[in-house]
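Read the structure below first, then the notes.
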Amino acid sequence: MADLRTNFAGIKSPNPFWLASGPPTDKAYNVERAFEAGWGGVVWKTVGEQVVNVSSRYGANAYNGTRVAGFTNIELISDRPVEVNLEEIRAVKKRWPDRAVVVSLMVPCEETAWKNILPAVEDTGCDGIELNFGCPHGMSERGMGAAVGQVPEYVTMVTEWAKAYSDMPVIVKLTPNVNDVLYPARAAVDGKTDAVSLINTVASVIGVDLDTMSPLPEVNGKGSHGGYCGPAVKPIALRMIGDIAREFGSGLPISGIGGIATWRDAAEHIAMGSGTVQVCTAAMHQGFKIVEDMADGLSNWMDSKGYRTIDDFRGQAIENYVRWENLDMNYEIVARIDQDACIKCGLCHIACEDTAHQAITARSNGERRYEVVDKECVGCNLCMLVCPVENCITMERVDNGKPYVSWIDDPRNPANQQAAE
Amino acid sequence: MVKLRFAQRDPMAEQSDIAAGRLDKAAYEQGFSSDAKVPLDQRRALIEASRCYFCYDAPCVEACPTSIDIPSFIRKISTHNIRGAALDILEPNIFGGACARVCPVEELCEEACVRDAQETKPVAIGLLQRFATDRFFETGEQPFTRAAPSGKRIAVVGAGPAGLSCAHRLARLGHEVVVYDARDKAGGLNEYGIAAYKVVGDFAQKEVDFILAIGGITLETGKALGKDLSLDDLRRDFDAVFLAMGQAGVRAVGAGGEDLTGVEPAVDFIARLRQAPDLAALPVGRRIVVIGGGNTAIDAAIQSKRLGAEDVTLVYRRGPDEMGATDHEQEFAQTEGVKIKHWAKPVRFVGDNGVLSGVEFEYTQLAGGKLEGTGDTFVVPADMALTAVGQVLVEDPVKDGAKETLNISGGRIVIGEQGHTSLKGVYAGGDCVEGNDLTVQAVEDGKVTARAIDDDLRG
Ligand SMILES: Cc1cc2nc3c(=O)[nH]c(=O)nc-3n(C[C@H](O)[C@H](O)[C@H](O)COP(=O)(O)OP(=O)(O)OC[C@H]3O[C@@H](n4cnc5c(N)ncnc54)[C@H](O)[C@@H]3O)c2cc1C
Ligand SMILES: Cc1cc2nc3c(=O)[nH]c(=O)nc-3n(C[C@H](O)[C@H](O)[C@H](O)COP(=O)(O)O)c2cc1C
Ligand code: SF4
Ligand code: SF4
Ligand code: SF4
């Protein structure tokens, strides 16, 4: 049996599955239910300045029958008084000593504000704090959340205050709403953070009601932009996590967040360098019980691969996560169609014909027949991706006998041609 | 095209036509060796799994007698966690593989599925359960382990679903178990009764092997209670006894001529069929009459038709709604070409020289809620009549010569909530106690009783 225990920047939990700061972690009631269900830890819903939340708050991107392919919210931080939250945190941590209880914080960008709140938080006995530099709506307009996370100097400054006024492990939660996440990540490291977590939600408008002409979610006929999350954002998260893991290696613990709903999503986050993972939308969609398959599935998979601990495969994908210029320019694949599996829908043909390389036939001797014209196929994957039959189209390696060559060394690179001249 | 072969008939002599080899080889294959419900492949399993809503406090789970966590195992299929899915099934129901094949899901889990209410198309829970267990069994893994030895020994009488479910749970809990069965093979009706097209190949024996592989269970076949063993002996030699003998007797139709050649209890015919090494060598009548309205009647009718019988008529004394067989099974029989006749009861088996030639029936009707004959009769010509008007508990083995008598009422051993009988240290479950006579219920009875035995023995 695989050992799922984690030690993340000194914060221990029985498994790497934490609930991300959000509605699932807003109260002792929810958090205790989560622990009963088996979650290894929580990041408490962001505590800070008193706010008021609106109704409605959420929107979902339903796509082709999937009710929540993506999710958005225009909710602010916890709307309950700080003292109430802190008392509950103290009680919960006492009752669940083996679980990770991290407190998310967001107060104005002033030293006194941090100096005041940190000792009170530390006094609860919680395991660490997460600095919410990510919220892209509402709070950012008040100079907090993403407004801090987007300015590296502020990130460093606030991180330094957090380290100065408490001894708890500090996790800086990064916003994806930046050009290059490495800037705020470096800033957090400069401020001596113990770890980073990412991603927070992506600034977005989830849709427009075409009758009322209000952006969604709608609050009495009006909408404002919100934060996007759920399955749709996993790719964005994986990329940013990968960038940070590649730069900092295991020197900077990363708590991966974004679109995690199954153990497979979690395993991918961990392979890209995450030490723990955090979940929000998937729990909001189907309840806390989803953690059972996460733990059981991850453990079974680890056993099947011979990984004993999370660390055994953490970051394993990073050495293969390279810059484009280092990819093998001589690698060649072509599409193969399994004629027995093909249901003759023609989607591969029209995708290739209209939008790619005219490499798939539509008919042969008057019959519907979809065949790859090898010499036209550039190995782009498009047909495989659109084919509705799994494993019907596969991509096959062409043995061209050519060795690995990067773009940097490729003679076709104009820079090399100039050099040769 | 299937070619039917009927005996060369002498038009002068009305002789009984019971013959083997009526069909091409391929037709036997088609009829008995291919699954009635086509199993899902990986792709279809994933599509089907994606239809499950992962309901909270799911109604499908409530409808499963063994309370399998259906949303959980289906989610695990979606995430490719097949081991986890299979264990979600096998932990509460060690016969999860058989149940996936034989459960009348249309009146259990699938009837309760919210998608049935939403769009009259429930999630195919049975097929998904089969997918998960089949894939898992392919790995050959033995996932269950035994607790530290308790030093206690328990005798189980009957190696059917109830007996083996109990034995397996007891073995897991650290006890030693000896399972006795009168028959040559273990499995009970999974091996001798369930329709061949529901459990094709040697699945039933493979499942028994899987269950026994946990260790701590000694199987003694060919040992009958009442003949080779007595209840008193078992009570003396073991710490507890679990009775799971099913219903080994059949109810007589109670019409004249039942002893004619060609009249046979349907369960005997099915048992013979299930054990036949070569179905082409199994004789079957040209014209069959099946009497009864339960699943046994339906199964006998369909299987005789698939053996090549030309006309199969199932006669039931009441209407379609009162039949024990589900609507689904009645429809299945009809699409197989079985003629179902309602509202008629057998009066007499008609014969020539001791050989069956037909069955005489009287029409019935309800009068003031009571079933009565109308006085009008008709004869259905038949070479074979299969009777399926109910199985019964054979009481002698548990009664004869026993110091204390076991409380039996209405032909069933009387039990309390957790399988306790009127005798100390004696428990019972499955078809020999009152219940719905389903495989899955027998499995649940065995499991619940094993826990009770464990509790009682550990005091
Ligand atoms: C024809 C037929 C078709 C069926 N189809 C279905 C179906 O499709 N789906 C479904 O859910 N259920 C079906 N059932 C019902 C199901 O098979 C039973 O409910 C289930 O097998 C009961 O399990 P059990 O362990 O109590 O008894 P059994 O399976 O009957 O096992 C009892 C065992 O005890 C042994 N035994 C009996 N007397 C003695 C003795 N004196 N000493 C030692 N051993 C003894 C027998 O040999 C047998 O092995 C069907 C039943 C029949 C008859
Ligand atoms: C309704 C809602 C409220 C959230 N509130 C907070 C918050 O208070 N603090 C915070 O740091 N992140 C908050 N988040 C962001 C989540 O913690 C998480 O970073 C994001 O949703 C991505 O993860 P997911 O794809 O699993 O949902 C919230 C997300 C949602 C959906
Ligand atoms: S989820 Fe609960 S709080 Fe939200 S709208 Fe529905 S009933 Fe109201
Ligand atoms: S998309 Fe797939 S199934 Fe459709 S025609 Fe092409 S190969 Fe066949
Ligand atoms: S009721 Fe249907 S949809 Fe709901 S959990 Fe059960 S199988 Fe899934």
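Just remember, in the structure tokens the first chain shown is A, the second B, etc., residues are 1-based per chain, and ligands are 1-based in the order shown.
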Exercise for review: Would you list the residues that come within 6 Å of ligand 4? Count only C-alpha atoms and all ligand atoms and give the answer as JSON, numbers by chain.
Suggested key: {"A": [337, 342, 343, 344, 345, 346, 347, 348, 370, 387, 388, 389, 392, 393]}
Show me which residues sit within 6 Å of ligand 5 when counting only C-alpha atoms and all ligand atoms, and put them as an mmCIF file with N, CA, C and O atoms, in the first residue's frame.
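Written out: pocket_6.cif:
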data_model
loop_
_atom_site.group_PDB
_atom_site.id
_atom_site.type_symbol
_atom_site.label_atom_id
_atom_site.label_comp_id
_atom_site.auth_asym_id
_atom_site.auth_seq_id
_atom_site.Cartn_x
_atom_site.Cartn_y
_atom_site.Cartn_z
ATOM 1 N N CYS B 52 -23.665 8.657 -14.807
ATOM 2 C CA CYS B 52 -24.018 8.622 -13.382
ATOM 3 C C CYS B 52 -23.786 9.993 -12.759
ATOM 4 O O CYS B 52 -22.751 10.602 -12.957
ATOM 5 N N TYR B 53 -24.763 10.455 -11.976
ATOM 6 C CA TYR B 53 -24.664 11.777 -11.351
ATOM 7 C C TYR B 53 -23.891 11.777 -10.034
ATOM 8 O O TYR B 53 -23.721 12.820 -9.433
ATOM 9 N N PHE B 54 -23.475 10.611 -9.556
ATOM 10 C CA PHE B 54 -22.801 10.547 -8.256
ATOM 11 C C PHE B 54 -23.748 11.101 -7.193
ATOM 12 O O PHE B 54 -23.409 11.981 -6.411
ATOM 13 N N CYS B 55 -24.967 10.604 -7.201
ATOM 14 C CA CYS B 55 -25.999 11.123 -6.297
ATOM 15 C C CYS B 55 -25.570 10.999 -4.842
ATOM 16 O O CYS B 55 -24.839 10.087 -4.466
ATOM 17 N N ALA B 58 -27.593 7.895 -2.476
ATOM 18 C CA ALA B 58 -28.198 7.509 -3.751
ATOM 19 C C ALA B 58 -29.300 6.455 -3.619
ATOM 20 O O ALA B 58 -29.142 5.469 -2.898
ATOM 21 N N PRO B 59 -30.398 6.695 -4.324
ATOM 22 C CA PRO B 59 -31.515 5.743 -4.265
ATOM 23 C C PRO B 59 -31.146 4.354 -4.784
ATOM 24 O O PRO B 59 -31.695 3.362 -4.323
ATOM 25 N N CYS B 60 -30.214 4.281 -5.715
ATOM 26 C CA CYS B 60 -29.810 2.972 -6.237
ATOM 27 C C CYS B 60 -29.180 2.129 -5.129
ATOM 28 O O CYS B 60 -29.379 0.925 -5.058
ATOM 29 N N ILE B 70 -22.868 2.262 -5.168
ATOM 30 C CA ILE B 70 -22.903 2.306 -6.634
ATOM 31 C C ILE B 70 -22.267 3.573 -7.206
ATOM 32 O O ILE B 70 -21.396 3.487 -8.074
ATOM 33 N N PRO B 71 -22.653 4.778 -6.734
ATOM 34 C CA PRO B 71 -21.992 5.962 -7.305
ATOM 35 C C PRO B 71 -20.480 5.908 -7.137
ATOM 36 O O PRO B 71 -19.742 6.327 -8.033
ATOM 37 N N CYS B 113 -32.741 4.136 -9.982
ATOM 38 C CA CYS B 113 -31.820 5.157 -10.513
ATOM 39 C C CYS B 113 -32.578 6.421 -10.910
ATOM 40 O O CYS B 113 -33.597 6.363 -11.594
ATOM 41 N N VAL B 114 -32.036 7.557 -10.496
ATOM 42 C CA VAL B 114 -32.709 8.834 -10.786
ATOM 43 C C VAL B 114 -32.830 9.102 -12.286
ATOM 44 O O VAL B 114 -33.703 9.835 -12.725
ATOM 45 N N ARG B 115 -31.953 8.509 -13.050
ATOM 46 C CA ARG B 115 -32.037 8.745 -14.492
ATOM 47 C C ARG B 115 -33.179 7.948 -15.102
ATOM 48 O O ARG B 115 -33.591 8.217 -16.230
ATOM 49 N N VAL B 123 -28.963 4.384 -15.474
ATOM 50 C CA VAL B 123 -27.561 4.018 -15.698
ATOM 51 C C VAL B 123 -27.504 2.483 -15.677
ATOM 52 O O VAL B 123 -28.157 1.844 -14.854
#
Check your understanding: Which of range 7-112 of chain B counts as helix (DSSP H, G or I) under DSSP, as a ChimeraX atom specification please?
Key -> /B:25-33,42-49,59-63,70-78,82-90,96-102,105-107,109-112
Next, the residues of the selection above should be written as a short mmCIF file (atom, residue, chain, number, x, y, z; two decimals), in the first residue's frame with N, CA and C atoms.
data_model
loop_
_atom_site.label_atom_id
_atom_site.label_comp_id
_atom_site.auth_asym_id
_atom_site.auth_seq_id
_atom_site.Cartn_x
_atom_site.Cartn_y
_atom_site.Cartn_z
N LYS B 25 -24.71 -26.85 -34.41
CA LYS B 25 -23.79 -26.54 -33.33
C LYS B 25 -23.80 -25.05 -32.98
N ALA B 26 -23.81 -24.23 -34.03
CA ALA B 26 -23.74 -22.79 -33.83
C ALA B 26 -24.93 -22.27 -33.02
N ALA B 27 -26.07 -22.91 -33.21
CA ALA B 27 -27.25 -22.43 -32.51
C ALA B 27 -27.15 -22.68 -31.01
N TYR B 28 -26.49 -23.78 -30.64
CA TYR B 28 -26.30 -24.02 -29.20
C TYR B 28 -25.36 -22.98 -28.61
N GLU B 29 -24.31 -22.72 -29.37
CA GLU B 29 -23.36 -21.68 -28.94
C GLU B 29 -24.10 -20.37 -28.71
N GLN B 30 -24.85 -19.99 -29.71
CA GLN B 30 -25.58 -18.73 -29.70
C GLN B 30 -26.55 -18.69 -28.51
N GLY B 31 -27.23 -19.79 -28.27
CA GLY B 31 -28.27 -19.81 -27.27
C GLY B 31 -27.77 -19.92 -25.83
N PHE B 32 -26.62 -20.54 -25.65
CA PHE B 32 -26.22 -20.84 -24.28
C PHE B 32 -24.83 -20.32 -23.89
N SER B 33 -23.99 -20.04 -24.89
CA SER B 33 -22.64 -19.63 -24.53
C SER B 33 -22.40 -18.15 -24.78
N GLN B 42 -14.52 -1.22 -22.81
CA GLN B 42 -13.97 -0.07 -22.09
C GLN B 42 -14.65 1.24 -22.47
N ARG B 43 -14.80 1.44 -23.78
CA ARG B 43 -15.33 2.70 -24.24
C ARG B 43 -16.78 2.89 -23.81
N ARG B 44 -17.54 1.83 -23.98
CA ARG B 44 -18.95 1.95 -23.61
C ARG B 44 -19.11 2.04 -22.10
N ALA B 45 -18.22 1.41 -21.39
CA ALA B 45 -18.28 1.51 -19.93
C ALA B 45 -18.02 2.96 -19.51
N LEU B 46 -17.08 3.61 -20.16
CA LEU B 46 -16.78 4.99 -19.78
C LEU B 46 -17.94 5.92 -20.12
N ILE B 47 -18.55 5.69 -21.26
CA ILE B 47 -19.70 6.52 -21.64
C ILE B 47 -20.83 6.31 -20.62
N GLU B 48 -21.07 5.04 -20.30
CA GLU B 48 -22.16 4.73 -19.37
C GLU B 48 -21.84 5.30 -17.99
N ALA B 49 -20.60 5.15 -17.58
CA ALA B 49 -20.21 5.66 -16.25
C ALA B 49 -20.40 7.17 -16.19
N PRO B 59 -30.40 6.70 -4.32
CA PRO B 59 -31.51 5.74 -4.27
C PRO B 59 -31.15 4.35 -4.78
N CYS B 60 -30.21 4.28 -5.72
CA CYS B 60 -29.81 2.97 -6.24
C CYS B 60 -29.18 2.13 -5.13
N VAL B 61 -28.44 2.79 -4.25
CA VAL B 61 -27.78 2.06 -3.16
C VAL B 61 -28.82 1.52 -2.19
N GLU B 62 -29.83 2.36 -1.94
CA GLU B 62 -30.92 1.91 -1.06
C GLU B 62 -31.61 0.68 -1.63
N ALA B 63 -31.66 0.60 -2.95
CA ALA B 63 -32.39 -0.50 -3.58
C ALA B 63 -31.56 -1.77 -3.69
N ILE B 70 -22.87 2.26 -5.17
CA ILE B 70 -22.90 2.31 -6.63
C ILE B 70 -22.27 3.57 -7.21
N PRO B 71 -22.65 4.78 -6.73
CA PRO B 71 -21.99 5.96 -7.31
C PRO B 71 -20.48 5.91 -7.14
N SER B 72 -20.03 5.38 -6.02
CA SER B 72 -18.59 5.33 -5.80
C SER B 72 -17.91 4.40 -6.79
N PHE B 73 -18.47 3.19 -6.99
CA PHE B 73 -17.76 2.29 -7.90
C PHE B 73 -17.84 2.79 -9.34
N ILE B 74 -18.94 3.46 -9.67
CA ILE B 74 -19.05 3.98 -11.04
C ILE B 74 -18.05 5.11 -11.26
N ARG B 75 -17.90 5.96 -10.24
CA ARG B 75 -16.91 7.04 -10.38
C ARG B 75 -15.51 6.45 -10.58
N LYS B 76 -15.24 5.36 -9.85
CA LYS B 76 -13.92 4.75 -9.96
C LYS B 76 -13.70 4.14 -11.34
N ILE B 77 -14.77 3.66 -11.95
CA ILE B 77 -14.62 3.20 -13.34
C ILE B 77 -14.23 4.39 -14.21
N SER B 78 -14.89 5.52 -13.99
CA SER B 78 -14.57 6.72 -14.79
C SER B 78 -13.12 7.14 -14.63
N ILE B 82 -9.96 0.70 -11.50
CA ILE B 82 -10.75 -0.53 -11.58
C ILE B 82 -10.64 -1.35 -10.30
N ARG B 83 -9.46 -1.38 -9.73
CA ARG B 83 -9.30 -2.14 -8.49
C ARG B 83 -10.22 -1.57 -7.41
N GLY B 84 -10.20 -0.25 -7.30
CA GLY B 84 -11.05 0.41 -6.30
C GLY B 84 -12.52 0.14 -6.57
N ALA B 85 -12.91 0.19 -7.85
CA ALA B 85 -14.30 -0.05 -8.21
C ALA B 85 -14.70 -1.47 -7.81
N ALA B 86 -13.86 -2.43 -8.15
CA ALA B 86 -14.19 -3.83 -7.88
C ALA B 86 -14.27 -4.07 -6.37
N LEU B 87 -13.41 -3.42 -5.62
CA LEU B 87 -13.45 -3.63 -4.16
C LEU B 87 -14.68 -2.97 -3.54
N ASP B 88 -15.11 -1.85 -4.11
CA ASP B 88 -16.37 -1.25 -3.64
C ASP B 88 -17.52 -2.25 -3.80
N ILE B 89 -17.43 -3.07 -4.81
CA ILE B 89 -18.48 -4.06 -5.08
C ILE B 89 -18.28 -5.31 -4.22
N LEU B 90 -17.07 -5.84 -4.22
CA LEU B 90 -16.83 -7.14 -3.58
C LEU B 90 -16.80 -7.07 -2.06
N GLY B 96 -20.37 -10.27 -6.18
CA GLY B 96 -20.64 -9.13 -7.06
C GLY B 96 -20.59 -9.48 -8.53
N GLY B 97 -19.78 -10.47 -8.87
CA GLY B 97 -19.69 -10.89 -10.27
C GLY B 97 -20.95 -11.60 -10.71
N ALA B 98 -21.44 -12.53 -9.87
CA ALA B 98 -22.68 -13.24 -10.21
C ALA B 98 -23.86 -12.28 -10.19
N CYS B 99 -23.91 -11.44 -9.16
CA CYS B 99 -25.04 -10.53 -9.07
C CYS B 99 -25.12 -9.59 -10.27
N ALA B 100 -23.95 -9.18 -10.77
CA ALA B 100 -23.95 -8.31 -11.95
C ALA B 100 -24.66 -8.99 -13.12
N ARG B 101 -24.63 -10.29 -13.12
CA ARG B 101 -25.23 -11.05 -14.22
C ARG B 101 -26.67 -11.46 -13.96
N VAL B 102 -26.99 -11.80 -12.71
CA VAL B 102 -28.29 -12.42 -12.47
C VAL B 102 -29.31 -11.53 -11.75
N VAL B 105 -32.10 -6.33 -12.13
CA VAL B 105 -31.80 -4.92 -11.86
C VAL B 105 -32.99 -4.01 -12.15
N GLU B 106 -33.85 -4.46 -13.08
CA GLU B 106 -34.98 -3.61 -13.43
C GLU B 106 -35.97 -3.45 -12.28
N GLU B 107 -35.83 -4.28 -11.26
CA GLU B 107 -36.67 -4.01 -10.09
C GLU B 107 -35.83 -3.76 -8.83
N CYS B 109 -31.65 -1.94 -8.24
CA CYS B 109 -30.92 -0.68 -8.37
C CYS B 109 -31.35 0.18 -9.55
N GLU B 110 -31.50 -0.45 -10.71
CA GLU B 110 -31.76 0.36 -11.91
C GLU B 110 -33.17 0.96 -11.89
N GLU B 111 -34.07 0.28 -11.22
CA GLU B 111 -35.40 0.85 -11.12
C GLU B 111 -35.35 2.12 -10.26
N ALA B 112 -34.44 2.13 -9.29
CA ALA B 112 -34.37 3.28 -8.38
C ALA B 112 -33.53 4.41 -8.95
#
Review point. Quick one: residues within 12 Å of ligand 3, with only C-alpha atoms and all ligand atoms, as a ChimeraX atom specification?
Key: /A:23,54-59,284-285,287
Exercise for review: Write down as a count of residues only the residues of range 234-281 of chain B whose backbone DSSP state falls under strand (DSSP E or B).
Suggested key: 11
Practice item. Go through the chains and note each residue within 6 Å of ligand 1, using only C-alpha atoms and all ligand atoms, then give the set as a PyMOL selection string. Key: chain B and resi 102-104+157-163+180-183+186-190+193-194+223-226+244-248+267+295-296+397+430-432+437-440+442
Point to revise | Site check for ligand 2: residues at most 7 Å away, only C-alpha atoms and all ligand atoms, as a PyMOL selection string | key: chain A and resi 20-23+45-46+58+71-73+75-78+104+132+134-135+173+198-201+229-231+233-234+257-260+278-282
Exercise for review: Find the residues near Glu325 in chain A: any atom within 10 Å, counting only C-alpha atoms, skip ones fewer than 5 places away on the same chain, and give them as an MDAnalysis selection string.
Suggested key: chainID A and resid 405:410
Practice item. Excluding range 274-285 of chain B and residues on its chain fewer than 5 positions from it, collect all residues at most 6 Å away from it, counting only C-alpha atoms, and give them as a ChimeraX atom specification. Key: /B:17-21,192,309,383-384
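Using only C-alpha atoms, the contacts of Val291 in chain A at a cut-off of 8 Å, with sequence neighbours closer than 4 positions omitted, comprise Phe17, Ala37, Gly38, Trp39 and Ala295 of chain A.
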Practice item. Up to 8 Å from chain B, what residues of chain A turn up? Count only C-alpha atoms and give them as a ChimeraX atom specification. Key: /A:262-264,286,293,296-297,300-301,390
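Straight-line separation from CA of Met157 in chain A to CA of Val189 in chain A: 11.0 Å.
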Long-range neighbours of Arg287 in chain B as an mmCIF file with all heavy atoms, in the first residue's frame, 6 Å cut-off, only C-alpha atoms, 6 positions minimum in chain:
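Written out: around07.cif:
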data_model
loop_
_atom_site.group_PDB
_atom_site.id
_atom_site.type_symbol
_atom_site.label_atom_id
_atom_site.label_comp_id
_atom_site.auth_asym_id
_atom_site.auth_seq_id
_atom_site.Cartn_x
_atom_site.Cartn_y
_atom_site.Cartn_z
ATOM 1 N N GLU B 310 -40.093 -26.854 -30.604
ATOM 2 C CA GLU B 310 -40.828 -26.119 -31.638
ATOM 3 C C GLU B 310 -41.877 -25.193 -31.023
ATOM 4 O O GLU B 310 -41.953 -24.021 -31.353
ATOM 5 C CB GLU B 310 -41.503 -27.123 -32.572
ATOM 6 C CG GLU B 310 -42.121 -26.480 -33.792
ATOM 7 C CD GLU B 310 -42.782 -27.516 -34.698
ATOM 8 O OE1 GLU B 310 -42.703 -28.725 -34.402
ATOM 9 O OE2 GLU B 310 -43.375 -27.116 -35.697
ATOM 10 N N ASP B 311 -42.682 -25.763 -30.131
ATOM 11 C CA ASP B 311 -43.715 -24.956 -29.477
ATOM 12 C C ASP B 311 -43.508 -25.008 -27.976
ATOM 13 O O ASP B 311 -43.480 -26.087 -27.395
ATOM 14 C CB ASP B 311 -45.108 -25.528 -29.754
ATOM 15 C CG ASP B 311 -45.477 -25.397 -31.218
ATOM 16 O OD1 ASP B 311 -45.259 -24.302 -31.763
ATOM 17 O OD2 ASP B 311 -45.937 -26.398 -31.801
ATOM 18 N N VAL B 312 -43.373 -23.836 -27.372
ATOM 19 C CA VAL B 312 -43.254 -23.803 -25.920
ATOM 20 C C VAL B 312 -44.381 -22.922 -25.392
ATOM 21 O O VAL B 312 -44.504 -21.753 -25.777
ATOM 22 C CB VAL B 312 -41.889 -23.239 -25.476
ATOM 23 C CG1 VAL B 312 -41.823 -23.185 -23.944
ATOM 24 C CG2 VAL B 312 -40.750 -24.087 -26.023
ATOM 25 N N ALA B 382 -48.389 -31.994 -25.658
ATOM 26 C CA ALA B 382 -47.026 -31.794 -25.157
ATOM 27 C C ALA B 382 -46.257 -33.102 -25.099
ATOM 28 O O ALA B 382 -46.812 -34.155 -24.790
ATOM 29 C CB ALA B 382 -47.069 -31.170 -23.764
ATOM 30 N N ASP B 383 -44.952 -32.997 -25.411
ATOM 31 C CA ASP B 383 -44.062 -34.137 -25.240
ATOM 32 C C ASP B 383 -43.366 -34.056 -23.892
ATOM 33 O O ASP B 383 -42.919 -35.047 -23.341
ATOM 34 C CB ASP B 383 -42.998 -34.131 -26.341
ATOM 35 C CG ASP B 383 -43.639 -34.047 -27.712
ATOM 36 O OD1 ASP B 383 -44.456 -34.915 -28.038
ATOM 37 O OD2 ASP B 383 -43.344 -33.072 -28.443
#
Practice item. Quick one: everything within 12 Å of Thr112 in chain A, counting only C-alpha atoms, minus sequence neighbours fewer than 4 positions away in the same chain. Send it as a VMD selection string. Key: chain A and resid 107 to 108 116 to 119 158 161 to 162 164 to 165
Take the residues from that selection and put them in a file with N, CA and C atoms, as a compact mmCIF listing (two decimals), in the first residue's frame.
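Saved as again25.txt:
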# COMPACT_ATOMS: atom_id res chain seq x y z
N VAL A 107 -5.63 41.02 4.06
CA VAL A 107 -5.93 42.30 4.72
C VAL A 107 -5.25 43.39 3.89
N PRO A 108 -5.61 44.62 4.12
CA PRO A 108 -5.04 45.70 3.29
C PRO A 108 -3.51 45.70 3.32
N ASN A 116 -1.26 43.25 13.09
CA ASN A 116 -2.36 43.03 14.03
C ASN A 116 -2.96 41.63 13.92
N ILE A 117 -3.15 41.18 12.69
CA ILE A 117 -3.91 39.93 12.54
C ILE A 117 -3.05 38.69 12.76
N LEU A 118 -1.77 38.75 12.40
CA LEU A 118 -0.97 37.52 12.42
C LEU A 118 -0.87 36.83 13.78
N PRO A 119 -0.60 37.59 14.85
CA PRO A 119 -0.50 36.89 16.14
C PRO A 119 -1.82 36.20 16.52
N VAL A 158 4.69 42.10 1.38
CA VAL A 158 3.71 41.50 2.29
C VAL A 158 4.23 40.15 2.81
N TRP A 161 6.41 40.81 5.69
CA TRP A 161 5.65 41.12 6.92
C TRP A 161 5.15 39.83 7.55
N ALA A 162 4.63 38.94 6.68
CA ALA A 162 4.06 37.69 7.20
C ALA A 162 5.14 36.88 7.92
N ALA A 164 7.81 38.18 9.19
CA ALA A 164 8.31 38.94 10.34
C ALA A 164 7.39 38.81 11.55
N TYR A 165 6.10 38.79 11.33
CA TYR A 165 5.17 38.85 12.46
C TYR A 165 4.58 37.49 12.84
